[in-house]
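Next comes run05.cif, with mmCIF, C-alpha atoms.
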data_upload
loop_
_atom_site.label_atom_id
_atom_site.label_comp_id
_atom_site.auth_asym_id
_atom_site.auth_seq_id
_atom_site.Cartn_x
_atom_site.Cartn_y
_atom_site.Cartn_z
CA MET A 1175 46.59 39.20 -109.25
CA LYS A 1176 48.66 36.13 -108.85
CA THR A 1177 47.34 33.10 -107.00
CA ASN A 1178 49.87 33.30 -104.17
CA GLU A 1179 49.19 36.96 -103.64
CA PHE A 1180 45.39 36.29 -103.54
CA PHE A 1181 45.72 33.67 -100.82
CA SER A 1182 48.00 35.94 -98.80
CA TYR A 1183 45.45 38.77 -98.99
CA LEU A 1184 42.59 36.45 -97.99
CA SER A 1185 44.52 35.18 -94.97
CA PHE A 1186 45.15 38.75 -93.84
CA LEU A 1187 41.40 39.56 -93.95
CA VAL A 1188 40.48 36.46 -91.93
CA ILE A 1189 43.09 37.15 -89.25
CA GLY A 1190 41.91 40.76 -89.02
CA ALA A 1191 38.28 39.73 -88.58
CA ILE A 1192 39.24 37.29 -85.80
CA VAL A 1193 41.19 39.99 -83.97
CA VAL A 1194 38.31 42.45 -84.24
CA ALA A 1195 35.81 39.84 -82.94
CA CYS A 1196 37.99 38.95 -79.96
CA THR A 1197 38.50 42.58 -79.10
CA SER A 1198 34.75 43.26 -79.27
CA GLY A 1199 33.95 40.23 -77.09
CA THR A 1200 36.42 41.30 -74.43
CA SER A 1201 34.98 44.80 -74.38
CA ASN A 1202 31.39 43.52 -73.98
CA ASP A 1203 32.35 41.19 -71.14
CA SER A 1204 34.09 44.05 -69.37
CA ASN A 1205 31.04 46.31 -69.69
CA GLN A 1206 28.71 43.63 -68.32
CA GLY A 1207 30.93 43.10 -65.26
CA ASN A 1208 30.82 46.80 -64.38
CA ALA A 1209 27.03 47.26 -64.86
CA PRO A 1210 25.22 48.53 -61.61
CA ILE A 1211 22.79 46.20 -59.74
CA SER A 1212 19.11 47.11 -60.26
CA ARG A 1213 17.42 48.12 -56.95
CA LEU A 1214 13.69 48.34 -56.23
CA PRO A 1215 12.58 51.85 -55.21
CA VAL A 1216 10.62 51.76 -51.93
CA ASP A 1217 9.20 54.02 -49.23
CA VAL A 1218 9.85 53.20 -45.57
CA LYS A 1219 8.46 54.09 -42.17
CA VAL A 1220 11.03 54.60 -39.40
CA VAL A 1221 9.33 53.23 -36.29
CA LYS A 1222 9.69 54.65 -32.80
CA SER A 1223 8.77 52.95 -29.53
CA THR A 1224 5.98 54.52 -27.46
CA ALA A 1225 3.91 53.51 -24.45
CA VAL A 1226 0.85 51.47 -25.40
CA THR A 1227 -2.40 53.20 -24.39
CA GLN A 1228 -4.91 51.01 -26.19
CA GLU A 1229 -8.47 51.54 -24.90
CA GLU A 1230 -11.73 49.70 -25.29
CA VAL A 1231 -15.14 51.38 -25.16
CA VAL A 1232 -18.27 49.78 -23.70
CA ALA A 1233 -21.71 51.00 -22.68
CA GLY A 1234 -22.51 51.39 -19.00
CA SER A 1235 -25.03 52.92 -16.61
CA VAL A 1236 -24.91 55.36 -13.72
CA VAL A 1237 -26.23 53.72 -10.54
CA ALA A 1238 -26.91 55.32 -7.16
CA SER A 1239 -24.26 54.59 -4.56
CA ARG A 1240 -27.08 53.62 -2.18
CA GLU A 1241 -30.77 53.47 -2.98
CA VAL A 1242 -33.74 52.36 -0.91
CA MET A 1243 -37.48 52.41 -1.28
CA ILE A 1244 -38.93 53.74 1.99
CA ALA A 1245 -41.78 51.50 3.14
CA SER A 1246 -44.12 51.21 6.10
CA GLU A 1247 -43.79 48.40 8.66
CA VAL A 1248 -47.32 48.76 10.06
CA SER A 1249 -50.85 49.27 8.86
CA ARG A 1250 -51.66 52.87 9.72
CA LYS A 1251 -53.00 56.10 8.29
CA VAL A 1252 -50.56 58.83 7.20
CA VAL A 1253 -51.02 61.96 9.32
CA ALA A 1254 -48.01 64.00 8.13
CA VAL A 1255 -45.53 64.15 5.23
CA SER A 1256 -42.49 66.01 6.57
CA PHE A 1257 -40.28 66.59 3.52
CA THR A 1258 -40.23 68.46 0.24
CA GLU A 1259 -40.31 66.18 -2.76
CA GLY A 1260 -37.10 66.22 -4.80
CA SER A 1261 -35.07 67.80 -1.98
CA VAL A 1262 -32.02 66.61 -0.07
CA VAL A 1263 -32.78 65.04 3.30
CA HIS A 1264 -30.42 64.12 6.12
CA LYS A 1265 -29.94 60.90 7.99
CA GLY A 1266 -32.53 60.55 10.77
CA GLN A 1267 -34.81 63.24 9.36
CA LEU A 1268 -38.55 62.54 9.82
CA LEU A 1269 -40.23 61.68 6.52
CA TYR A 1270 -43.69 60.39 7.47
CA LYS A 1271 -45.78 60.33 10.66
CA LEU A 1272 -48.44 57.63 10.96
CA GLU A 1273 -51.50 57.68 13.21
CA ASP A 1274 -50.59 56.43 16.74
CA GLY A 1275 -53.59 57.22 18.99
CA GLU A 1276 -54.48 53.61 19.75
CA ILE A 1277 -50.88 52.67 20.52
CA VAL A 1278 -50.43 55.67 22.84
CA ALA A 1279 -53.61 54.75 24.74
CA LYS A 1280 -52.51 51.14 25.19
CA LEU A 1281 -49.09 52.31 26.33
CA LYS A 1282 -50.60 54.58 29.01
CA GLN A 1283 -52.82 51.75 30.26
CA ASN A 1284 -49.87 49.41 30.41
CA GLN A 1285 -47.72 51.93 32.24
CA ALA A 1286 -50.42 52.31 34.92
CA GLU A 1287 -50.62 48.56 35.40
CA LEU A 1288 -46.84 48.35 35.37
CA GLY A 1289 -46.62 50.83 38.25
CA LEU A 1290 -48.93 48.74 40.39
CA ALA A 1291 -47.08 45.57 39.48
CA LYS A 1292 -43.78 47.08 40.59
CA LEU A 1293 -45.27 48.05 43.98
CA SER A 1294 -46.80 44.60 44.45
CA GLU A 1295 -43.57 42.84 43.53
CA GLY A 1296 -41.63 45.05 45.96
CA ARG A 1297 -43.97 44.37 48.90
CA LEU A 1298 -44.01 40.63 48.29
CA ALA A 1299 -40.22 40.60 48.05
CA GLU A 1300 -39.99 42.10 51.60
CA LEU A 1301 -42.57 39.69 52.97
CA LEU A 1302 -40.76 36.76 51.38
CA LYS A 1303 -37.62 37.68 53.33
CA ASN A 1304 -39.58 37.22 56.56
CA GLU A 1305 -41.30 34.13 55.20
CA ALA A 1306 -44.67 35.92 55.58
CA VAL A 1307 -45.77 34.81 52.06
CA ARG A 1308 -45.26 31.73 50.03
CA GLN A 1309 -42.70 31.61 47.20
CA GLU A 1310 -45.47 30.86 44.71
CA GLU A 1311 -47.23 34.16 45.45
CA TYR A 1312 -44.05 36.12 44.87
CA ASP A 1313 -43.35 34.23 41.63
CA VAL A 1314 -46.78 35.16 40.27
CA ALA A 1315 -46.21 38.86 41.04
CA GLN A 1316 -42.75 38.78 39.47
CA SER A 1317 -44.06 37.10 36.31
CA ARG A 1318 -46.81 39.70 35.94
CA LEU A 1319 -44.23 42.48 36.29
CA ALA A 1320 -42.05 40.91 33.62
CA LEU A 1321 -45.06 40.49 31.29
CA LEU A 1322 -46.08 44.15 31.66
CA GLN A 1323 -42.47 45.29 31.04
CA ALA A 1324 -42.36 43.20 27.85
CA THR A 1325 -45.71 44.64 26.76
CA GLU A 1326 -44.36 48.15 27.30
CA ASP A 1327 -41.33 47.38 25.12
CA LEU A 1328 -43.63 46.00 22.42
CA LEU A 1329 -45.90 49.03 22.44
CA LYS A 1330 -42.94 51.43 22.35
CA ASN A 1331 -41.59 49.52 19.36
CA GLU A 1332 -44.96 49.80 17.62
CA LEU A 1333 -45.02 53.51 18.41
CA ASP A 1334 -41.53 53.99 16.95
CA LYS A 1335 -42.74 52.43 13.67
CA THR A 1336 -45.22 55.27 13.25
CA PHE A 1337 -42.24 57.62 12.82
CA ILE A 1338 -40.53 56.90 9.48
CA HIS A 1339 -37.05 58.45 9.24
CA ALA A 1340 -34.42 58.71 6.50
CA PRO A 1341 -31.89 55.87 6.93
CA PHE A 1342 -29.13 57.96 5.30
CA SER A 1343 -28.61 61.36 3.72
CA GLY A 1344 -29.57 61.70 0.08
CA LYS A 1345 -32.02 62.97 -2.48
CA ILE A 1346 -35.67 62.12 -1.84
CA GLY A 1347 -38.00 61.38 -4.72
CA ILE A 1348 -41.73 61.89 -5.28
CA SER A 1349 -44.03 60.64 -2.53
CA LYS A 1350 -46.44 57.90 -3.52
CA VAL A 1351 -48.85 58.67 -0.65
CA GLU A 1352 -50.41 61.76 0.84
CA VAL A 1353 -51.84 62.74 4.23
CA GLY A 1354 -54.87 60.55 4.88
CA SER A 1355 -53.59 57.62 2.83
CA TRP A 1356 -53.76 54.20 4.44
CA VAL A 1357 -50.50 52.29 4.29
CA SER A 1358 -49.77 48.64 4.97
CA PRO A 1359 -46.56 46.72 5.74
CA GLY A 1360 -44.16 46.67 2.77
CA MET A 1361 -46.05 49.34 0.85
CA PRO A 1362 -43.54 51.61 -1.01
CA LEU A 1363 -43.78 55.25 0.02
CA VAL A 1364 -40.86 57.14 -1.60
CA ALA A 1365 -37.41 56.47 -3.09
CA LEU A 1366 -34.24 57.76 -1.43
CA GLN A 1367 -30.87 57.86 -3.21
CA GLU A 1368 -27.42 58.75 -1.96
CA GLN A 1369 -25.86 60.79 -4.77
CA GLY A 1370 -22.69 62.29 -3.27
CA SER A 1371 -20.97 59.49 -5.13
CA VAL A 1372 -22.34 57.20 -7.84
CA LYS A 1373 -21.50 53.79 -9.19
CA ILE A 1374 -20.73 53.10 -12.84
CA GLN A 1375 -21.86 49.62 -13.85
CA PHE A 1376 -20.77 47.99 -17.10
CA SER A 1377 -19.89 44.60 -18.59
CA VAL A 1378 -16.70 43.58 -20.42
CA PRO A 1379 -15.84 40.46 -22.48
CA GLU A 1380 -14.15 37.67 -20.55
CA LYS A 1381 -10.81 38.22 -22.32
CA TYR A 1382 -10.48 41.60 -20.57
CA ILE A 1383 -10.91 40.34 -16.99
CA ALA A 1384 -7.26 41.06 -16.15
CA PHE A 1385 -7.70 44.72 -17.09
CA VAL A 1386 -10.66 45.45 -14.78
CA ALA A 1387 -9.25 44.40 -11.43
CA SER A 1388 -10.36 46.21 -8.26
CA GLY A 1389 -8.46 49.43 -7.66
CA LYS A 1390 -7.83 50.26 -11.33
CA THR A 1391 -9.03 53.54 -12.82
CA ILE A 1392 -11.41 53.84 -15.75
CA HIS A 1393 -12.88 56.92 -17.43
CA PHE A 1394 -16.36 57.54 -18.73
CA GLN A 1395 -18.45 60.20 -20.42
CA ALA A 1396 -22.03 61.07 -19.55
CA PRO A 1397 -24.67 62.22 -22.06
CA THR A 1398 -24.54 65.69 -20.47
CA GLY A 1399 -21.21 66.16 -22.25
CA GLY A 1400 -18.06 67.73 -20.88
CA SER A 1401 -14.70 66.13 -20.19
CA SER A 1402 -14.30 62.49 -19.23
CA ILE A 1403 -14.74 61.58 -15.56
CA ALA A 1404 -12.49 59.23 -13.60
CA ALA A 1405 -13.87 56.32 -11.61
CA ARG A 1406 -12.19 53.62 -9.50
CA ILE A 1407 -13.17 49.98 -9.90
CA ILE A 1408 -14.44 48.62 -6.59
CA ALA A 1409 -15.90 45.21 -7.48
CA THR A 1410 -16.56 42.63 -10.18
CA GLU A 1411 -19.26 39.99 -10.29
CA SER A 1412 -18.26 36.66 -8.77
CA GLY A 1413 -18.70 34.79 -12.05
CA ILE A 1414 -18.93 35.20 -15.81
CA ASP A 1415 -22.34 35.31 -17.46
CA ALA A 1416 -22.59 32.07 -19.45
CA ALA A 1417 -24.90 33.57 -22.08
CA SER A 1418 -22.88 36.67 -22.98
CA ARG A 1419 -19.41 35.47 -21.83
CA SER A 1420 -18.92 38.78 -20.06
CA ILE A 1421 -18.41 39.94 -16.48
CA THR A 1422 -20.16 42.81 -14.70
CA VAL A 1423 -17.94 45.52 -13.22
CA GLN A 1424 -18.72 48.33 -10.76
CA ALA A 1425 -16.70 51.52 -10.31
CA VAL A 1426 -17.32 54.51 -8.05
CA ALA A 1427 -17.09 58.18 -9.06
CA ASP A 1428 -17.41 61.44 -7.15
CA ASN A 1429 -20.70 63.29 -7.71
CA ARG A 1430 -20.65 66.13 -5.21
CA ASP A 1431 -21.51 68.54 -8.02
CA ASN A 1432 -24.66 66.47 -8.78
CA ARG A 1433 -23.93 66.40 -12.50
CA LEU A 1434 -24.65 62.67 -12.67
CA VAL A 1435 -28.14 61.27 -12.17
CA PRO A 1436 -28.71 57.55 -11.50
CA GLY A 1437 -30.13 55.86 -14.57
CA MET A 1438 -27.99 57.85 -17.02
CA SER A 1439 -26.09 56.03 -19.74
CA ALA A 1440 -22.29 56.15 -19.68
CA LYS A 1441 -19.64 55.55 -22.33
CA VAL A 1442 -16.87 53.72 -20.47
CA TYR A 1443 -13.21 53.70 -21.54
CA PHE A 1444 -10.70 51.30 -20.01
CA SER A 1445 -7.12 50.41 -20.91
CA VAL A 1446 -6.38 46.91 -22.23
CA ALA A 1447 -2.60 47.23 -22.06
CA ASP A 1448 -0.21 46.71 -19.18
CA GLU A 1449 1.34 49.88 -17.77
CA ASN A 1450 4.88 49.00 -18.98
CA THR A 1451 3.90 47.74 -22.44
CA LYS A 1452 5.77 49.41 -25.31
CA GLY A 1453 4.69 49.34 -28.93
CA LEU A 1454 5.46 50.67 -32.39
CA THR A 1455 2.85 52.05 -34.76
CA LEU A 1456 2.85 51.09 -38.46
CA PRO A 1457 0.53 51.72 -41.38
CA THR A 1458 -1.66 48.64 -41.75
CA GLN A 1459 -0.57 48.33 -45.40
CA ALA A 1460 2.92 47.32 -44.22
CA LEU A 1461 1.64 44.05 -42.74
CA ILE A 1462 2.12 40.81 -44.68
CA PRO A 1463 -0.34 38.08 -43.64
CA GLY A 1464 0.94 34.54 -43.32
CA ALA A 1465 0.02 31.13 -41.99
CA ASN A 1466 1.56 31.93 -38.57
CA GLY A 1467 0.46 35.54 -38.26
CA PHE A 1468 1.87 38.74 -39.71
CA GLY A 1469 5.28 39.95 -40.80
CA VAL A 1470 6.95 43.00 -42.36
CA PHE A 1471 9.95 43.79 -44.54
CA VAL A 1472 12.75 45.68 -42.75
CA VAL A 1473 15.47 47.43 -44.78
CA LYS A 1474 18.95 46.45 -43.59
CA GLN A 1475 22.05 47.55 -45.51
CA GLY A 1476 20.08 48.12 -48.71
CA VAL A 1477 18.34 44.74 -48.61
CA ALA A 1478 14.74 43.88 -47.59
CA ARG A 1479 14.57 41.29 -44.79
CA PHE A 1480 11.35 39.58 -43.68
CA SER A 1481 10.58 39.85 -39.94
CA PRO A 1482 7.61 38.18 -38.14
CA VAL A 1483 5.80 40.59 -35.79
CA THR A 1484 3.23 40.45 -32.99
CA VAL A 1485 0.20 42.66 -33.67
CA PHE A 1486 -1.39 44.01 -30.48
CA SER A 1487 -4.24 45.76 -32.28
CA ARG A 1488 -5.02 47.21 -35.68
CA ASN A 1489 -7.64 49.15 -37.58
CA GLU A 1490 -8.07 50.31 -41.16
CA SER A 1491 -5.16 52.73 -41.01
CA ASP A 1492 -2.71 51.72 -38.25
CA ALA A 1493 -1.35 48.63 -36.53
CA LEU A 1494 0.28 48.49 -33.11
CA ILE A 1495 3.30 46.12 -32.94
CA THR A 1496 4.57 44.84 -29.59
CA ALA A 1497 7.22 42.32 -30.75
CA GLY A 1498 9.42 41.65 -33.80
CA LEU A 1499 10.70 45.20 -34.40
CA ALA A 1500 13.25 47.43 -32.74
CA ASP A 1501 13.20 51.16 -32.17
CA GLY A 1502 14.52 52.90 -35.32
CA ASP A 1503 13.86 50.05 -37.79
CA SER A 1504 12.96 51.08 -41.36
CA VAL A 1505 9.85 49.18 -42.48
CA LEU A 1506 8.68 48.97 -46.10
CA VAL A 1507 5.34 50.64 -46.79
CA SER A 1508 5.36 50.51 -50.63
CA ASN A 1509 6.18 48.03 -53.42
CA ILE A 1510 5.61 45.22 -50.90
CA LEU A 1511 4.13 42.81 -53.48
CA ARG A 1512 7.27 43.12 -55.63
CA THR A 1513 9.57 42.52 -52.68
CA GLY A 1514 10.97 39.25 -51.38
CA ASP A 1515 13.35 38.34 -48.59
CA GLY A 1516 16.79 39.54 -49.77
CA THR A 1517 15.56 41.90 -52.49
CA PRO A 1518 17.95 44.87 -53.03
CA VAL A 1519 16.01 48.09 -52.45
CA GLN A 1520 16.55 51.80 -52.82
CA VAL A 1521 14.85 53.99 -50.19
CA VAL A 1522 13.08 56.88 -51.92
CA THR A 1523 11.31 58.43 -48.93
CA ALA A 1524 11.52 57.76 -45.20
CA LYS A 1525 8.89 58.98 -42.75
#
In structure tokens, what does this structure look like?
Amino acid sequence: MKTNEFFSYLSFLVIGAIVVACTSGTSNDSNQGNAPISRLPVDVKVVKSTAVTQEEVVAGSVVASREVMIASEVSRKVVAVSFTEGSVVHKGQLLYKLEDGEIVAKLKQNQAELGLAKLSEGRLAELLKNEAVRQEEYDVAQSRLALLQATEDLLKNELDKTFIHAPFSGKIGISKVEVGSWVSPGMPLVALQEQGSVKIQFSVPEKYIAFVASGKTIHFQAPTGGSSIAARIIATESGIDAASRSITVQAVADNRDNRLVPGMSAKVYFSVADENTKGLTLPTQALIPGANGFGVFVVKQGVARFSPVTVFSRNESDALITAGLADGDSVLVSNILRTGDGTPVQVVTAK
């Protein structure tokens, strides 16, 4: 081959190689421009707004609506016990009769003297009108009459104390004395409890004071089982206990069926959410802890967006959100550690 022909052939090969390289480069650039964006597969939870019914549980006790220990006011011997132990007694019913012989005798003596004093005072009053007696004589007779009347009142009062009655209707307990027993003032005789209604007494932490205001309803369960029982809060202690940082609360419940006995334990449930509070429930795994609280990733138009949220309460499985999300939002519940704000995502499952 001649020299000129060789150089012409070589130039043709070089030009061909350059054309092929340019064509290949253009094709690769075109393919890269049309390649699909890689999206992270995720699962989401579609949240729905519901009324918040968060409850707290504390231990309480059943207390009698009214309870009194019947006691004697005088030193006397018991001559009669007029009730059946463990029965229901009515207001005013006689419970005990104490010996009264000495008081009755003194009262009869006083009444006899009182009769004479009234006659004497009456005669002297007529004589005084005619100035037949001195004023001093009449004054002495009048004073004696007044003294005997006061003595009669005192003896009648002492006699009344020998009759011990029920101050209100309720269930009577076991008598601590029997006929023949000697009782003294203040000595306890028997317990009386009003059980038509009972009080539920419990204590709550100071942060829940706003949720145990008078008039609100709580529910409790007794150890006897059965469904929960409603009770209405009637009072709270005037101050917070400095040692436990809690406040004592009393509620009243109906007990006409006598299913509740004072002294029983009670498991008390009370709401710690306002009546109009709305919330959204999420799996706890969706929460992302941060320096300022918690947040979640919400899928919007195929992209994960970080949203701070307010957590009302949470446990091992669920969290209740009261701010930061809207009804119908899709919240990431998987691949959270691989997700950042603005990450393209592909929803695989939505619950």
When the PyMOL selection byres ((chain A and resi 1299) around 12) is applied to the file above, which residues end up in the set, as a PDB file with C-alpha atoms, in the frame of the given file?
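As a result, part_39.pdb now contains:
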ATOM      1  CA  LYS A1292     -43.780  47.080  40.590  1.00  0.00           C
ATOM      2  CA  LEU A1293     -45.270  48.050  43.980  1.00  0.00           C
ATOM      3  CA  SER A1294     -46.800  44.600  44.450  1.00  0.00           C
ATOM      4  CA  GLU A1295     -43.570  42.840  43.530  1.00  0.00           C
ATOM      5  CA  GLY A1296     -41.630  45.050  45.960  1.00  0.00           C
ATOM      6  CA  ARG A1297     -43.970  44.370  48.900  1.00  0.00           C
ATOM      7  CA  LEU A1298     -44.010  40.630  48.290  1.00  0.00           C
ATOM      8  CA  GLU A1300     -39.990  42.100  51.600  1.00  0.00           C
ATOM      9  CA  LEU A1301     -42.570  39.690  52.970  1.00  0.00           C
ATOM     10  CA  LEU A1302     -40.760  36.760  51.380  1.00  0.00           C
ATOM     11  CA  LYS A1303     -37.620  37.680  53.330  1.00  0.00           C
ATOM     12  CA  ASN A1304     -39.580  37.220  56.560  1.00  0.00           C
ATOM     13  CA  GLU A1305     -41.300  34.130  55.200  1.00  0.00           C
ATOM     14  CA  ALA A1306     -44.670  35.920  55.580  1.00  0.00           C
ATOM     15  CA  VAL A1307     -45.770  34.810  52.060  1.00  0.00           C
ATOM     16  CA  ARG A1308     -45.260  31.730  50.030  1.00  0.00           C
ATOM     17  CA  GLN A1309     -42.700  31.610  47.200  1.00  0.00           C
ATOM     18  CA  GLU A1310     -45.470  30.860  44.710  1.00  0.00           C
ATOM     19  CA  GLU A1311     -47.230  34.160  45.450  1.00  0.00           C
ATOM     20  CA  TYR A1312     -44.050  36.120  44.870  1.00  0.00           C
ATOM     21  CA  ASP A1313     -43.350  34.230  41.630  1.00  0.00           C
ATOM     22  CA  VAL A1314     -46.780  35.160  40.270  1.00  0.00           C
ATOM     23  CA  ALA A1315     -46.210  38.860  41.040  1.00  0.00           C
ATOM     24  CA  GLN A1316     -42.750  38.780  39.470  1.00  0.00           C
TER      25      GLN A1316
END
Exercise. Suppose you want the space between atom CA of A:Lys1335 and atom CA of A:Leu1321; what is it in Å?
Worked result: 21.4 Å
For this session: Provide the atom CA of A:Gln1228 to atom CA of A:Ser1487 distance in Å, to one decimal place.
Result: 8.1 Å
For this session: Within 8 Å of stretch 1371-1375 of chain A, counting only C-alpha atoms, which residues show up once you throw out same-chain ones fewer than 5 positions away? Write them as a count of residues only, please.
Result: 19
For this session: One decimal, Å: what's the distance from atom CA of A:Phe1486 over to atom CA of A:Val1505, could you say?
Result: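 It comes out at 17.2 Å.
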For this session: Tell me which residues the PyMOL selection byres ((chain A and resi 1221) around 7) grabs here, as number ranges by chain.
Result: A: 1219-1220, 1222-1223, 1454-1455, 1501-1504
For the selection you just gave me, I'd like the residues written to a file as an mmCIF file, in the frame of the given file, keeping C-alpha atoms.
data_model
loop_
_atom_site.group_PDB
_atom_site.id
_atom_site.type_symbol
_atom_site.label_atom_id
_atom_site.label_comp_id
_atom_site.auth_asym_id
_atom_site.auth_seq_id
_atom_site.Cartn_x
_atom_site.Cartn_y
_atom_site.Cartn_z
ATOM 1 C CA LYS A 1219 8.460 54.090 -42.170
ATOM 2 C CA VAL A 1220 11.030 54.600 -39.400
ATOM 3 C CA LYS A 1222 9.690 54.650 -32.800
ATOM 4 C CA SER A 1223 8.770 52.950 -29.530
ATOM 5 C CA LEU A 1454 5.460 50.670 -32.390
ATOM 6 C CA THR A 1455 2.850 52.050 -34.760
ATOM 7 C CA ASP A 1501 13.200 51.160 -32.170
ATOM 8 C CA GLY A 1502 14.520 52.900 -35.320
ATOM 9 C CA ASP A 1503 13.860 50.050 -37.790
ATOM 10 C CA SER A 1504 12.960 51.080 -41.360
#
Problem set entry | Output check: residues returned by the PyMOL selection byres ((chain A and resi 1506) around 7), as a VMD selection string | chain A and resid 1216 to 1219 1460 1471 to 1472 1504 to 1505 1507 to 1508 1510
Output C-alpha atoms for every residue in the selection just made, as an mmCIF file, in the coordinates of the input.
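The resulting file, again16.cif, is reproduced below:
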data_model
loop_
_atom_site.group_PDB
_atom_site.id
_atom_site.type_symbol
_atom_site.label_atom_id
_atom_site.label_comp_id
_atom_site.auth_asym_id
_atom_site.auth_seq_id
_atom_site.Cartn_x
_atom_site.Cartn_y
_atom_site.Cartn_z
ATOM 1 C CA VAL A 1216 10.620 51.760 -51.930
ATOM 2 C CA ASP A 1217 9.200 54.020 -49.230
ATOM 3 C CA VAL A 1218 9.850 53.200 -45.570
ATOM 4 C CA LYS A 1219 8.460 54.090 -42.170
ATOM 5 C CA ALA A 1460 2.920 47.320 -44.220
ATOM 6 C CA PHE A 1471 9.950 43.790 -44.540
ATOM 7 C CA VAL A 1472 12.750 45.680 -42.750
ATOM 8 C CA SER A 1504 12.960 51.080 -41.360
ATOM 9 C CA VAL A 1505 9.850 49.180 -42.480
ATOM 10 C CA VAL A 1507 5.340 50.640 -46.790
ATOM 11 C CA SER A 1508 5.360 50.510 -50.630
ATOM 12 C CA ILE A 1510 5.610 45.220 -50.900
#
For this session: Could you give me, as a PyMOL selection string, the residues within 8 Å of A:Ile1403, counting only C-alpha atoms and dropping anything in the same chain fewer than 3 positions from it?
Result: chain A and resi 1393-1395+1427
Exercise. Taking (1.1, 39.2, -39.3) in the file's coordinates, which residues come within 12 Å, counting only C-alpha atoms, written as JSON, numbers by chain?
Worked result: {"A": [1458, 1459, 1460, 1461, 1462, 1463, 1464, 1465, 1466, 1467, 1468, 1469, 1470, 1471, 1480, 1481, 1482, 1483, 1484, 1485, 1486, 1487, 1488, 1493, 1494, 1495, 1496, 1497, 1498]}
Problem set entry | Selection: 6 Å around A:Thr1517, all atoms listed in the file, excl. self and same-chain fewer than 2 positions, as a VMD selection string | chain A and resid 1477 to 1478 1514 to 1515
For this session: Please provide as a VMD selection string all residues within 12 Å of A:Val1248, with the sequence filter that same-chain residues fewer than 6 positions apart are discarded (counting only C-alpha atoms).
Result: chain A and resid 1271 to 1274 1277 1331 to 1338 1356 to 1361
Exercise. Which is closest to A:Gly1275 among A:Gln1323, A:Ala1340, A:Leu1329, A:Gly1289, if we use only C-alpha atoms?
Worked result: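 Of all the options, A:Leu1329 lies closest to A:Gly1275.
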Give me, as a PDB file with C-alpha atoms, in the frame of the given file, all polymer residues having an atom no more than 12 Å from stretch 1254-1268 of chain A, counting all atoms listed in the file and skipping those fewer than 4 positions away in the same chain.
ATOM      1  CA  ILE A1244     -38.930  53.740   1.990  1.00  0.00           C
ATOM      2  CA  ARG A1250     -51.660  52.870   9.720  1.00  0.00           C
ATOM      3  CA  LEU A1272     -48.440  57.630  10.960  1.00  0.00           C
ATOM      4  CA  GLU A1273     -51.500  57.680  13.210  1.00  0.00           C
ATOM      5  CA  ASP A1274     -50.590  56.430  16.740  1.00  0.00           C
ATOM      6  CA  ASP A1334     -41.530  53.990  16.950  1.00  0.00           C
ATOM      7  CA  LYS A1335     -42.740  52.430  13.670  1.00  0.00           C
ATOM      8  CA  THR A1336     -45.220  55.270  13.250  1.00  0.00           C
ATOM      9  CA  PHE A1337     -42.240  57.620  12.820  1.00  0.00           C
ATOM     10  CA  ILE A1338     -40.530  56.900   9.480  1.00  0.00           C
ATOM     11  CA  HIS A1339     -37.050  58.450   9.240  1.00  0.00           C
ATOM     12  CA  ALA A1340     -34.420  58.710   6.500  1.00  0.00           C
ATOM     13  CA  PRO A1341     -31.890  55.870   6.930  1.00  0.00           C
ATOM     14  CA  PHE A1342     -29.130  57.960   5.300  1.00  0.00           C
ATOM     15  CA  SER A1343     -28.610  61.360   3.720  1.00  0.00           C
ATOM     16  CA  GLY A1344     -29.570  61.700   0.080  1.00  0.00           C
ATOM     17  CA  LYS A1345     -32.020  62.970  -2.480  1.00  0.00           C
ATOM     18  CA  ILE A1346     -35.670  62.120  -1.840  1.00  0.00           C
ATOM     19  CA  GLY A1347     -38.000  61.380  -4.720  1.00  0.00           C
ATOM     20  CA  ILE A1348     -41.730  61.890  -5.280  1.00  0.00           C
ATOM     21  CA  SER A1349     -44.030  60.640  -2.530  1.00  0.00           C
ATOM     22  CA  LYS A1350     -46.440  57.900  -3.520  1.00  0.00           C
ATOM     23  CA  VAL A1351     -48.850  58.670  -0.650  1.00  0.00           C
ATOM     24  CA  GLU A1352     -50.410  61.760   0.840  1.00  0.00           C
ATOM     25  CA  VAL A1353     -51.840  62.740   4.230  1.00  0.00           C
ATOM     26  CA  GLY A1354     -54.870  60.550   4.880  1.00  0.00           C
ATOM     27  CA  SER A1355     -53.590  57.620   2.830  1.00  0.00           C
ATOM     28  CA  TRP A1356     -53.760  54.200   4.440  1.00  0.00           C
ATOM     29  CA  LEU A1363     -43.780  55.250   0.020  1.00  0.00           C
ATOM     30  CA  VAL A1364     -40.860  57.140  -1.600  1.00  0.00           C
ATOM     31  CA  ALA A1365     -37.410  56.470  -3.090  1.00  0.00           C
ATOM     32  CA  LEU A1366     -34.240  57.760  -1.430  1.00  0.00           C
ATOM     33  CA  GLN A1367     -30.870  57.860  -3.210  1.00  0.00           C
ATOM     34  CA  GLU A1368     -27.420  58.750  -1.960  1.00  0.00           C
ATOM     35  CA  GLN A1369     -25.860  60.790  -4.770  1.00  0.00           C
ATOM     36  CA  GLY A1370     -22.690  62.290  -3.270  1.00  0.00           C
ATOM     37  CA  ASN A1432     -24.660  66.470  -8.780  1.00  0.00           C
TER      38      ASN A1432
END
Seminar exercise, completed: Using all atoms listed in the file, the best pick from A:Lys1525, A:Lys1474, A:Lys1251, A:Lys1441 as closest to A:Phe1376 would be A:Lys1441
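Take the candidates A:Glu1287, A:Tyr1443, A:Ala1245, A:Asp1431 and check each one against A:Ala1233 using all atoms listed in the file; the shortest distance goes to A:Tyr1443.
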Problem set entry | Best match for closeness to A:Leu1290 among A:Ile1408, A:Leu1322, A:Val1446, A:Val1521, counting all atoms listed in the file | A:Leu1322
